[in-house]
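Q: Data: data_32.txt, compact mmCIF, C-alpha atoms.
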# COMPACT_ATOMS: atom_id res chain seq x y z
CA MET A 557 92.97 77.08 52.57
CA ASP A 558 93.48 75.51 55.98
CA ASN A 559 97.24 75.23 56.30
CA VAL A 560 97.09 74.66 60.05
CA SER A 561 97.78 70.99 60.70
CA ARG A 562 95.66 69.26 63.29
CA GLU A 563 98.93 68.52 65.08
CA LEU A 564 100.32 72.03 64.74
CA VAL A 565 99.25 73.13 68.21
CA VAL A 566 101.66 71.42 70.59
CA PRO A 567 100.05 70.73 73.98
CA ASP A 568 101.70 72.95 76.56
CA GLY A 569 100.78 72.57 80.20
CA THR A 570 101.95 76.08 81.02
CA ASN A 571 99.84 78.00 78.48
CA PRO A 572 96.09 77.32 78.29
CA LEU A 573 96.10 78.73 74.74
CA CYS A 574 98.41 75.93 73.57
CA ARG A 575 96.66 72.90 75.02
CA LEU A 576 94.04 72.14 72.36
CA THR A 577 94.48 71.25 68.70
CA LEU A 578 92.30 72.61 65.93
CA GLU A 579 90.78 69.15 65.57
CA GLN A 580 89.70 69.27 69.21
CA LEU A 581 88.41 72.82 68.96
CA ARG A 582 86.34 72.06 65.87
CA ARG A 583 84.44 69.43 67.83
CA ARG A 584 82.99 72.24 69.93
CA THR A 585 79.37 73.17 69.24
CA SER A 586 79.42 76.76 70.53
CA MET A 587 78.82 79.86 68.43
CA LYS A 588 82.49 80.48 67.66
CA TRP A 589 82.94 77.08 66.04
CA ARG A 590 79.54 76.53 64.44
CA THR A 591 78.73 79.85 62.77
CA TYR A 592 81.14 79.45 59.85
CA PRO A 593 82.28 76.50 57.69
CA GLN A 594 85.25 74.47 58.91
CA ASP A 595 87.67 76.07 56.45
CA VAL A 596 87.24 79.39 58.26
CA LEU A 597 89.51 80.32 61.16
CA PRO A 598 87.20 81.95 63.73
CA LEU A 599 88.85 84.86 65.54
CA TRP A 600 85.70 86.81 66.25
CA VAL A 601 83.25 86.23 69.14
CA ALA A 602 84.71 86.43 72.66
CA GLU A 603 85.31 82.74 73.30
CA MET A 604 88.81 81.56 74.11
CA ASP A 605 90.51 78.47 72.68
CA VAL A 606 91.30 77.03 76.10
CA PRO A 607 90.25 74.04 78.17
CA LEU A 608 88.40 74.71 81.40
CA ALA A 609 90.59 75.64 84.32
CA GLU A 610 91.06 72.52 86.40
CA PRO A 611 89.44 73.91 89.60
CA VAL A 612 86.38 74.93 87.57
CA ALA A 613 86.06 71.55 85.86
CA GLU A 614 86.41 69.80 89.20
CA ALA A 615 83.74 71.96 90.84
CA ILE A 616 81.26 71.33 88.02
CA THR A 617 82.00 67.61 87.97
CA GLN A 618 81.45 67.31 91.70
CA ALA A 619 78.18 69.21 91.47
CA VAL A 620 76.91 66.94 88.70
CA ALA A 621 77.96 63.85 90.63
CA LEU A 622 75.91 65.10 93.58
CA GLY A 623 72.97 66.12 91.41
CA ASP A 624 73.52 69.64 92.72
CA THR A 625 71.61 71.24 89.87
CA GLY A 626 68.86 73.12 91.66
CA TYR A 627 68.19 76.80 92.25
CA PRO A 628 71.03 79.19 93.17
CA ALA A 629 71.41 80.29 96.78
CA GLY A 630 73.93 81.83 99.14
CA THR A 631 76.71 84.39 98.90
CA ALA A 632 79.69 82.23 97.91
CA TYR A 633 80.09 84.00 94.56
CA ALA A 634 80.15 87.44 96.15
CA GLU A 635 82.57 86.28 98.83
CA ALA A 636 84.90 84.82 96.20
CA LEU A 637 84.79 88.05 94.18
CA ALA A 638 85.52 90.12 97.30
CA ALA A 639 88.56 87.95 98.09
CA PHE A 640 89.73 88.13 94.47
CA ALA A 641 89.41 91.93 94.50
CA ARG A 642 91.46 92.18 97.68
CA LYS A 643 94.23 90.00 96.25
CA ARG A 644 94.32 91.25 92.66
CA TRP A 645 93.30 94.90 92.92
CA ASN A 646 94.12 95.70 96.56
CA TRP A 647 90.49 96.71 97.00
CA ASP A 648 88.47 95.78 100.05
CA GLY A 649 85.31 97.54 98.92
CA ILE A 650 83.03 94.69 97.88
CA ALA A 651 80.51 94.31 100.67
CA VAL A 652 78.50 91.11 100.21
CA GLU A 653 75.33 92.88 101.35
CA ARG A 654 75.72 95.34 98.48
CA THR A 655 75.77 92.65 95.79
CA ALA A 656 73.13 90.76 93.85
CA ILE A 657 73.40 87.79 91.53
CA VAL A 658 72.16 88.46 88.00
CA PRO A 659 71.92 86.18 84.95
CA ASP A 660 74.88 87.72 83.12
CA VAL A 661 76.53 91.11 82.70
CA MET A 662 74.33 92.47 79.92
CA LEU A 663 71.08 91.42 81.58
CA GLY A 664 72.49 92.83 84.79
CA ILE A 665 73.10 96.14 83.03
CA VAL A 666 69.47 96.12 81.91
CA GLU A 667 68.34 95.61 85.51
CA MET A 668 70.58 98.43 86.74
CA LEU A 669 69.22 100.78 84.08
CA LYS A 670 65.71 99.93 85.20
CA LEU A 671 66.65 100.87 88.76
CA VAL A 672 68.19 104.27 88.03
CA SER A 673 66.43 105.49 84.87
CA ALA A 674 63.14 105.43 83.04
CA ALA A 675 62.03 104.95 79.46
CA GLY A 676 63.26 107.87 77.39
CA ASP A 677 66.21 108.69 79.66
CA PRO A 678 69.43 108.81 77.60
CA VAL A 679 72.30 106.39 78.11
CA ILE A 680 75.75 107.72 77.18
CA VAL A 681 78.39 105.35 75.75
CA ASN A 682 81.94 105.78 74.47
CA SER A 683 81.91 104.63 70.87
CA PRO A 684 83.22 102.48 69.34
CA VAL A 685 81.89 100.13 71.97
CA TYR A 686 80.51 96.63 72.52
CA PRO A 687 77.53 96.26 70.13
CA PRO A 688 75.06 94.83 72.70
CA PHE A 689 75.22 98.19 74.49
CA TYR A 690 73.23 99.62 71.57
CA GLN A 691 70.92 96.60 71.26
CA PHE A 692 70.00 96.08 74.91
CA VAL A 693 69.73 99.78 75.75
CA GLY A 694 67.61 100.46 72.67
CA ASN A 695 65.31 97.53 73.38
CA LEU A 696 64.83 98.94 76.88
CA GLY A 697 63.50 102.20 75.44
CA ARG A 698 66.51 104.35 76.35
CA PRO A 699 68.09 106.42 73.57
CA VAL A 700 71.84 105.92 73.17
CA VAL A 701 73.99 109.06 73.16
CA GLU A 702 77.50 108.56 71.81
CA ALA A 703 80.54 110.28 73.30
CA PRO A 704 83.24 108.97 70.93
CA LEU A 705 86.68 108.09 72.21
CA GLY A 706 89.57 110.31 71.21
CA PRO A 707 92.10 109.42 68.50
CA ASP A 708 94.24 107.81 71.22
CA LEU A 709 91.32 105.44 72.00
CA ARG A 710 90.90 106.96 75.45
CA ILE A 711 87.99 108.94 76.91
CA ASP A 712 87.75 112.42 75.41
CA PHE A 713 86.61 114.40 78.44
CA ALA A 714 85.52 117.49 76.54
CA VAL A 715 83.26 115.28 74.41
CA LEU A 716 82.05 113.34 77.45
CA GLU A 717 81.20 116.45 79.45
CA ASP A 718 79.28 117.86 76.52
CA ALA A 719 77.31 114.60 76.28
CA PHE A 720 76.63 114.71 80.03
CA ARG A 721 75.44 118.30 79.79
CA ARG A 722 73.11 117.60 76.87
CA ALA A 723 71.75 114.43 78.45
CA ALA A 724 71.06 116.18 81.76
CA GLN A 725 69.21 118.97 79.95
CA ALA A 726 67.10 116.46 78.03
CA ALA A 727 66.02 114.18 80.89
CA ASP A 728 65.94 113.83 84.66
CA ARG A 729 67.79 110.52 85.01
CA PRO A 730 70.60 110.16 82.45
CA VAL A 731 73.05 107.28 82.76
CA TYR A 732 76.63 106.77 81.64
CA LEU A 733 77.33 103.15 80.65
CA LEU A 734 81.09 102.80 81.01
CA CYS A 735 83.02 99.84 79.58
CA SER A 736 86.11 99.15 81.71
CA PRO A 737 88.39 97.73 80.38
CA HIS A 738 87.07 98.99 77.10
CA ASN A 739 85.76 96.63 74.44
CA PRO A 740 86.84 96.66 71.58
CA THR A 741 89.93 98.85 72.04
CA GLY A 742 91.37 97.10 75.09
CA THR A 743 92.01 100.44 76.78
CA VAL A 744 92.34 100.17 80.56
CA HIS A 745 91.11 103.40 82.14
CA THR A 746 93.40 104.92 84.73
CA ALA A 747 92.44 105.91 88.26
CA ALA A 748 92.81 109.56 87.27
CA GLU A 749 90.53 109.14 84.28
CA MET A 750 87.80 107.40 86.23
CA THR A 751 88.06 109.87 89.09
CA GLN A 752 87.35 112.56 86.52
CA VAL A 753 84.40 110.50 85.26
CA ALA A 754 83.01 110.31 88.80
CA ARG A 755 83.45 114.06 89.29
CA LEU A 756 81.72 114.97 86.04
CA ALA A 757 78.90 112.51 86.67
CA ARG A 758 78.17 114.03 90.07
CA GLU A 759 78.41 117.55 88.71
CA HIS A 760 75.87 116.86 85.96
CA GLY A 761 73.61 114.44 87.82
CA VAL A 762 74.49 111.42 85.69
CA ARG A 763 74.42 107.92 87.19
CA VAL A 764 77.28 105.59 86.27
CA VAL A 765 76.83 101.90 85.47
CA VAL A 766 80.08 100.06 84.70
CA ASP A 767 80.65 96.89 82.72
CA GLU A 768 83.80 95.41 84.28
CA ILE A 769 83.56 91.92 82.81
CA HIS A 770 87.12 92.03 81.40
CA ALA A 771 88.61 93.29 84.69
CA PRO A 772 90.86 90.27 85.40
CA ILE A 773 92.46 90.40 81.93
CA VAL A 774 95.20 93.03 81.76
CA ALA A 775 98.63 93.08 80.19
CA ALA A 776 101.83 92.85 82.23
CA GLY A 777 102.60 96.17 83.91
CA VAL A 778 99.02 97.43 83.61
CA SER A 779 96.73 97.82 86.63
CA PHE A 780 92.97 97.55 86.58
CA VAL A 781 91.26 99.96 88.96
CA PRO A 782 87.65 99.19 89.95
CA PHE A 783 85.44 102.21 89.39
CA LEU A 784 83.74 101.84 92.77
CA SER A 785 87.11 102.04 94.54
CA LEU A 786 87.50 105.72 93.62
CA PRO A 787 86.39 108.80 95.53
CA GLY A 788 83.20 110.23 94.10
CA ALA A 789 82.01 106.88 92.70
CA GLU A 790 79.86 106.00 95.71
CA LYS A 791 76.63 106.19 93.66
CA GLY A 792 77.96 103.87 90.96
CA LEU A 793 76.83 100.37 90.04
CA SER A 794 79.18 97.75 88.63
CA LEU A 795 78.65 94.46 86.85
CA MET A 796 81.36 91.82 87.28
CA SER A 797 81.77 88.19 86.26
CA ALA A 798 84.35 85.43 85.84
CA SER A 799 82.89 84.82 82.39
CA LYS A 800 85.53 86.34 80.13
CA ALA A 801 88.67 85.53 82.12
CA TRP A 802 87.83 81.84 82.54
CA ASN A 803 85.80 81.29 79.33
CA LEU A 804 82.49 80.65 81.09
CA ALA A 805 80.05 82.43 78.77
CA GLY A 806 78.02 79.25 78.38
CA ILE A 807 77.63 78.81 82.16
CA LYS A 808 75.99 82.10 82.97
CA ALA A 809 76.26 84.05 86.20
CA ALA A 810 77.29 87.58 87.16
CA LEU A 811 77.23 89.95 90.11
CA ALA A 812 75.89 93.46 90.45
CA VAL A 813 77.90 95.50 92.95
CA ALA A 814 76.65 98.77 94.43
CA GLY A 815 78.64 101.66 95.80
CA PRO A 816 77.67 102.76 99.34
CA GLU A 817 75.26 105.43 98.08
CA ALA A 818 73.66 103.03 95.57
CA ALA A 819 72.81 100.30 98.07
CA ALA A 820 69.19 101.40 98.32
CA ASP A 821 68.86 101.27 94.54
CA LEU A 822 70.25 97.74 94.34
CA ALA A 823 67.95 96.66 97.17
CA ARG A 824 65.01 97.39 94.87
CA ILE A 825 66.05 94.79 92.31
CA PRO A 826 63.17 92.35 91.78
CA GLU A 827 63.60 89.07 93.63
CA GLU A 828 62.95 87.06 90.47
CA VAL A 829 66.14 88.39 88.86
CA SER A 830 68.11 86.15 91.20
CA HIS A 831 66.40 83.14 89.62
CA GLY A 832 68.07 83.85 86.27
CA PRO A 833 71.66 82.80 86.96
CA SER A 834 72.55 79.15 86.56
CA HIS A 835 73.34 77.35 89.82
CA LEU A 836 76.11 75.47 88.00
CA GLY A 837 77.26 78.82 86.67
CA ILE A 838 77.58 80.24 90.16
CA ILE A 839 79.51 77.15 91.25
CA ALA A 840 81.84 77.50 88.26
CA HIS A 841 82.41 81.24 88.64
CA THR A 842 83.00 80.89 92.38
CA ALA A 843 85.60 78.18 91.79
CA ALA A 844 87.31 80.29 89.14
CA LEU A 845 87.64 83.33 91.38
CA ARG A 846 88.57 81.35 94.47
CA ASP A 847 90.90 78.70 93.05
CA GLY A 848 91.68 79.64 89.45
CA GLY A 849 94.41 82.21 90.02
CA ASP A 850 97.32 80.10 88.80
CA TRP A 851 95.44 79.20 85.63
CA LEU A 852 94.60 82.86 85.07
CA ASP A 853 98.24 83.87 85.49
CA ALA A 854 99.28 81.32 82.86
CA LEU A 855 96.60 82.65 80.52
CA LEU A 856 97.75 86.24 81.02
CA ARG A 857 101.31 85.27 80.12
CA GLY A 858 100.04 83.58 76.97
CA LEU A 859 98.00 86.63 76.02
CA ASP A 860 101.01 88.90 76.53
CA ASP A 861 102.97 86.66 74.17
CA ASN A 862 100.15 86.81 71.63
CA ARG A 863 99.96 90.60 71.80
CA ARG A 864 103.65 90.80 70.96
CA LEU A 865 103.28 88.17 68.25
CA LEU A 866 100.34 89.97 66.64
CA ALA A 867 102.23 93.28 66.59
CA SER A 868 105.19 91.55 64.93
CA LEU A 869 103.02 89.73 62.38
CA LEU A 870 101.17 92.89 61.41
CA ALA A 871 104.39 94.86 61.06
CA GLU A 872 105.76 92.17 58.75
CA HIS A 873 102.72 91.20 56.69
CA LEU A 874 100.20 94.04 57.01
CA PRO A 875 102.18 97.19 57.85
CA ALA A 876 99.35 99.45 56.63
CA VAL A 877 97.11 98.22 59.45
CA GLY A 878 97.00 100.57 62.42
CA HIS A 879 97.29 98.77 65.72
CA THR A 880 97.96 99.69 69.32
CA PRO A 881 98.48 96.58 71.48
CA ALA A 882 95.64 96.39 73.98
CA GLN A 883 96.26 97.02 77.66
CA GLY A 884 93.44 94.67 78.60
CA THR A 885 90.94 92.09 77.26
CA PHE A 886 91.95 89.42 74.76
CA LEU A 887 90.86 91.55 71.82
CA ALA A 888 92.71 93.60 69.21
CA TRP A 889 91.25 96.63 67.43
CA LEU A 890 92.71 96.92 63.92
CA ASP A 891 92.51 99.99 61.70
CA CYS A 892 92.24 98.62 58.16
CA ARG A 893 91.21 101.83 56.40
CA GLU A 894 94.46 101.99 54.39
CA LEU A 895 94.01 98.53 52.89
CA GLY A 896 91.44 99.56 50.31
CA LEU A 897 88.90 96.98 51.48
CA GLY A 898 86.03 99.41 51.93
CA PRO A 899 83.98 100.24 55.02
CA ASP A 900 83.71 96.60 56.14
CA PRO A 901 87.12 94.90 55.78
CA ALA A 902 85.89 91.94 57.83
CA LYS A 903 83.77 90.93 54.85
CA ALA A 904 86.81 90.73 52.58
CA PHE A 905 88.88 88.87 55.18
CA LEU A 906 86.11 86.30 55.47
CA GLU A 907 85.31 85.88 51.80
CA ARG A 908 88.86 85.97 50.43
CA GLY A 909 90.98 84.89 53.38
CA ARG A 910 88.57 82.60 55.27
CA VAL A 911 89.20 84.38 58.56
CA ALA A 912 86.20 85.46 60.64
CA LEU A 913 86.59 88.77 62.49
CA ASN A 914 84.08 91.24 63.93
CA SER A 915 83.04 94.11 61.68
CA GLY A 916 84.02 97.44 63.21
CA SER A 917 80.89 99.20 61.97
CA THR A 918 78.76 97.25 64.46
CA PHE A 919 80.59 99.04 67.31
CA GLY A 920 79.11 102.43 66.43
CA THR A 921 80.70 105.72 65.46
CA GLY A 922 84.41 105.34 64.88
CA GLY A 923 84.19 101.67 63.91
CA GLU A 924 83.90 101.84 60.14
CA GLY A 925 87.00 100.47 58.42
CA PHE A 926 88.11 98.60 61.57
CA VAL A 927 87.92 94.96 62.61
CA ARG A 928 88.06 93.33 66.03
CA LEU A 929 90.31 90.29 66.29
CA ASN A 930 90.14 87.76 69.13
CA LEU A 931 93.73 86.82 69.95
CA ALA A 932 92.83 84.18 72.55
CA ALA A 933 94.05 81.43 70.23
CA SER A 934 97.26 79.50 69.84
CA PRO A 935 100.25 81.33 68.33
CA ASP A 936 100.06 78.98 65.34
CA VAL A 937 96.43 79.83 64.64
CA LEU A 938 97.14 83.53 65.09
CA THR A 939 100.08 83.32 62.66
CA GLU A 940 97.99 81.46 60.08
CA ALA A 941 95.17 83.97 60.42
CA VAL A 942 97.35 87.00 59.78
CA GLY A 943 98.90 85.23 56.82
CA ARG A 944 95.48 84.65 55.36
CA MET A 945 94.51 88.27 55.99
CA ALA A 946 97.66 89.42 54.19
CA SER A 947 96.79 87.23 51.21
CA THR A 948 93.51 89.11 50.95
CA VAL A 949 95.27 92.34 50.00
CA ALA A 950 98.27 90.88 48.16
Let's see the structure in the file written out as structure tokens.

A:
Amino acid sequence: MDNVSRELVVPDGTNPLCRLTLEQLRRRTSMKWRTYPQDVLPLWVAEMDVPLAEPVAEAITQAVALGDTGYPAGTAYAEALAAFARKRWNWDGIAVERTAIVPDVMLGIVEMLKLVSAAGDPVIVNSPVYPPFYQFVGNLGRPVVEAPLGPDLRIDFAVLEDAFRRAAQAADRPVYLLCSPHNPTGTVHTAAEMTQVARLAREHGVRVVVDEIHAPIVAAGVSFVPFLSLPGAEKGLSLMSASKAWNLAGIKAALAVAGPEAAADLARIPEEVSHGPSHLGIIAHTAALRDGGDWLDALLRGLDDNRRLLASLLAEHLPAVGHTPAQGTFLAWLDCRELGLGPDPAKAFLERGRVALNSGSTFGTGGEGFVRLNLAASPDVLTEAVGRMASTVA
């Protein structure tokens, strides 16, 4: 069924999504390209079909040439993130002394939850949401409390406040695990929305931990606002990384960032946690944040083009699919409930169309009948994928 020629993707120096052919991509050994047979187009796990940004590749190559593969040290990563935040988000609030390196964002979230809660304390999430939130929080012995998003895929504040109230009545140290930008919907929370989150959290005694891994990836005309930049968020804890924006999931490193009133909490993080990040990962992430801005801008333009292309393809070939183009991330959240494919349409798309997508049901309440599509691929691959999906219901 693979109608995508190995030469179909034309190398394009201006768009990282158009620089690799399918033949090149299928030589990769990562999860995206090894989980399914080669006749399947993989548009599922959050890996992008891009080469490494040149400054990142150069930094890694130089480190290897020097044998610089020891233990991580120093504050270069935090300094690069602080400079990136000043330039991109007009935020001067990342103080290096209120940061800590952690192995990756999810393990960083686990460490933050250990600092501000105890076993049995509830953790509130906005479903549908990134599946590891359920897995990691549950394995840590914290019950997950869902506060589902509204029909517009934004925070429903009446539902959230009710969840805060119930959580605060049930335990002494409840936590709100906020995903910003939101995965899988791609919603970018506004300053007003997150200010309201901060107000409600203080009112009900709920600590806020924020996953901001997709922060650099927003559509044209959309602004990302760091949670810790807002009044009332001083007790918050954020996890940030260059992982998603520069496709560095296999070179792990992330940063925990504390608001001014959470500095003492972050200071209690065990020293051994800092041994978890890869030294090469820190080198790569630092280079991305410091020198990878032009590459990122080219990627963002390519993703904007793909969002428009996907909307057009769905309107033409799968008009029954509900879809709101994402404001952030490189993901698309597709409502397939009108297609007659049952509660898990991803299964039909895989078996009949040979396209791998994420099953919506794994994202919790509100996910059944949906799929998550990774649009960080070439326009040709995206076009072929939607065509295959359409053939599934023809």

Q: Quick check, in Å to one decimal: how far apart do atom CA of Ile825 of chain A and atom CA of Gly792 of chain A lie?

A: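 Computing the Euclidean distance for atom CA of Ile825 of chain A and atom CA of Gly792 of chain A yields 15.0 Å.
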
Q: Quick one: of A:Gly742, A:Ser917, A:Ala814, A:Leu938, who's nearest to Pro881 of chain A, counting all atoms listed in the file?

A: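 For Pro881 of chain A, the nearest of the given residues is A:Gly742.
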
Q: Produce a table with one row for each residue of segment 742-792 of chain A that has an atom at most 12 Å from any atom of segment 682-685 of chain A, each row naming the nearest atom pair and its distance in Å at one decimal; use only C-alpha atoms; arrange rows by chain and rising residue number; format as a Markdown table.

A:
| residue | atom | partner | partner_atom | distance |
| --- | --- | --- | --- | --- |
| A:Gly742 | CA | A:Val685 | CA | 10.4 |
| A:Thr743 | CA | A:Val685 | CA | 11.2 |
| A:Val766 | CA | A:Asn682 | CA | 11.9 |
| A:Asp767 | CA | A:Val685 | CA | 11.3 |

Q: Show which residues sit within 12 Å of Leu906 of chain A, as a PyMOL selection string. Count all atoms listed in the file, and ignore same-chain residues fewer than 2 positions away.

A: chain A and resi 557+592-593+595-600+897+900-904+908-915+927+941+944-945+947-948

Q: May I have the residues within 8 Å of segment 692-698 of chain A as a PyMOL selection string, using only C-alpha atoms and disregarding those fewer than 2 positions away in the same chain?

A: chain A and resi 662+666+674-679+688-690+700

Q: Of the candidates A:Asn646, A:Ala615, A:Pro704, A:Leu874, which shows the shortest atom-to-atom distance to Phe780 of chain A, using only C-alpha atoms?

A: A:Asn646

Q: What's the separation between atom CA of Ala882 of chain A and atom CA of Val661 of chain A, in Å to one decimal place?

A: 21.7 Å

Q: Counting all atoms listed in the file, which of A:Arg893, A:His831, A:Lys800, A:Arg729 gets nearest to Val764 of chain A?

A: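 Distance minimum relative to Val764 of chain A lands on A:Arg729.
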
Q: So what do you get for atom CA of Gly848 of chain A versus atom CA of Arg654 of chain A, distance-wise?

A: 24.1 Å

Q: Show me, as number ranges by chain, the residues that have an atom within 9 Å of Asp624 of chain A when counting all atoms listed in the file, minus same-chain residues fewer than 5 positions from it.

A: A: 618-619, 835-836

Q: Using all atoms listed in the file, can you tell me which of A:Leu890, A:Leu931, A:Val701, A:His770 comes closest to Met604 of chain A?

A: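 Once distances to Met604 of chain A are computed over all atoms listed in the file, the minimum belongs to A:Leu931.
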
Q: Do you know which residues lie at most 6 Å from (93.5, 76.6, 87.4), with coordinates as in the file and all atoms listed in the file counted, and could you write them as a CSV table (one decimal) with C-alpha atoms, keeping the file's coordinate frame?

A:
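Final output, saved to out11.csv:
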chain,number,residue,atom,x,y,z
A,609,ALA,CA,90.6,75.6,84.3
A,610,GLU,CA,91.1,72.5,86.4
A,611,PRO,CA,89.4,73.9,89.6
A,848,GLY,CA,91.7,79.6,89.4
A,850,ASP,CA,97.3,80.1,88.8
A,851,TRP,CA,95.4,79.2,85.6

Q: Kindly extract all protein, DNA and RNA residues lying within 7 Å of the coordinates (90.9, 104.6, 80.2) given in the file, considering all atoms listed in the file, and supply them as a ChimeraX atom specification.

A: /A:710-711,743-746,749

Q: Counting all atoms listed in the file, figure out which residue out of A:Trp802, A:Arg857, A:Gln883, A:Gly878 gets nearest to Thr570 of chain A.

A: A:Arg857

Q: Pick out the residues sitting within 6 Å of Gly815 of chain A, and hand them over as a count of residues only; count all atoms listed in the file, and ignore anything fewer than 5 positions along from it in its own chain.

A: 4

Q: I'd like to know which of A:Phe713, A:Leu637, A:Ala950, A:Ile680 is closest to Gly896 of chain A, using only C-alpha atoms.

A: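 Of A:Phe713, A:Leu637, A:Ala950, A:Ile680, the one nearest Gly896 of chain A, counting only C-alpha atoms, is A:Ala950.
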
Q: With a distance cut-off of 9 Å and all atoms listed in the file, select the neighbouring residues of segment 786-788 of chain A, excluding the residue or stretch itself and same-chain residues fewer than 5 positions from it, and output the selection as an mmCIF file with C-alpha atoms, in the frame of the given file.

A:
data_model
loop_
_atom_site.group_PDB
_atom_site.id
_atom_site.type_symbol
_atom_site.label_atom_id
_atom_site.label_comp_id
_atom_site.auth_asym_id
_atom_site.auth_seq_id
_atom_site.Cartn_x
_atom_site.Cartn_y
_atom_site.Cartn_z
ATOM 1 C CA ALA A 747 92.440 105.910 88.260
ATOM 2 C CA MET A 750 87.800 107.400 86.230
ATOM 3 C CA THR A 751 88.060 109.870 89.090
ATOM 4 C CA GLN A 752 87.350 112.560 86.520
ATOM 5 C CA VAL A 753 84.400 110.500 85.260
ATOM 6 C CA ALA A 754 83.010 110.310 88.800
ATOM 7 C CA ARG A 755 83.450 114.060 89.290
ATOM 8 C CA ALA A 757 78.900 112.510 86.670
ATOM 9 C CA ARG A 758 78.170 114.030 90.070
ATOM 10 C CA VAL A 781 91.260 99.960 88.960
#

Q: Please build the interface table for segment 614-727 of chain A against segment 809-813 of chain A with a cut-off of 10 Å, listing for each qualifying residue the nearest atom pair and the distance in Å to one decimal; count all atoms listed in the file, order rows by chain and increasing number, and write it as a tab-separated table.

A:
residue	atom	partner	partner_atom	distance
A:Pro628	CA	A:Ala809	CA	10.0
A:Tyr633	CA	A:Leu811	CA	8.0
A:Ala634	CA	A:Leu811	CA	7.2
A:Leu637	CA	A:Leu811	CA	8.8
A:Gly649	CA	A:Val813	CA	9.7
A:Ile650	CA	A:Val813	CA	7.2
A:Ala651	CA	A:Val813	CA	8.2
A:Val652	CA	A:Val813	CA	8.5
A:Glu653	CA	A:Val813	CA	9.2
A:Arg654	CA	A:Val813	CA	5.9
A:Thr655	CA	A:Val813	CA	4.6
A:Ala656	CA	A:Ala812	CA	5.1
A:Ile657	CA	A:Leu811	CA	4.6
A:Val658	CA	A:Ala810	CA	5.3
A:Pro659	CA	A:Ala809	CA	5.0
A:Asp660	CA	A:Ala810	CA	4.7
A:Val661	CA	A:Ala810	CA	5.7
A:Met662	CA	A:Ala810	CA	9.2
A:Leu663	CA	A:Ala810	CA	9.2
A:Gly664	CA	A:Ala812	CA	6.6
A:Ile665	CA	A:Ala812	CA	8.4
A:Glu667	CA	A:Ala812	CA	9.3
A:Met668	CA	A:Ala812	CA	8.2

Q: Output C-alpha atoms for every residue in the selection just made, as a short mmCIF file (atom, residue, chain, number, x, y, z; two decimals), keeping the file's coordinate frame.

A:
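File again-v3.cif, as written:
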data_model
loop_
_atom_site.label_atom_id
_atom_site.label_comp_id
_atom_site.auth_asym_id
_atom_site.auth_seq_id
_atom_site.Cartn_x
_atom_site.Cartn_y
_atom_site.Cartn_z
CA PRO A 628 71.03 79.19 93.17
CA TYR A 633 80.09 84.00 94.56
CA ALA A 634 80.15 87.44 96.15
CA LEU A 637 84.79 88.05 94.18
CA GLY A 649 85.31 97.54 98.92
CA ILE A 650 83.03 94.69 97.88
CA ALA A 651 80.51 94.31 100.67
CA VAL A 652 78.50 91.11 100.21
CA GLU A 653 75.33 92.88 101.35
CA ARG A 654 75.72 95.34 98.48
CA THR A 655 75.77 92.65 95.79
CA ALA A 656 73.13 90.76 93.85
CA ILE A 657 73.40 87.79 91.53
CA VAL A 658 72.16 88.46 88.00
CA PRO A 659 71.92 86.18 84.95
CA ASP A 660 74.88 87.72 83.12
CA VAL A 661 76.53 91.11 82.70
CA MET A 662 74.33 92.47 79.92
CA LEU A 663 71.08 91.42 81.58
CA GLY A 664 72.49 92.83 84.79
CA ILE A 665 73.10 96.14 83.03
CA GLU A 667 68.34 95.61 85.51
CA MET A 668 70.58 98.43 86.74
#
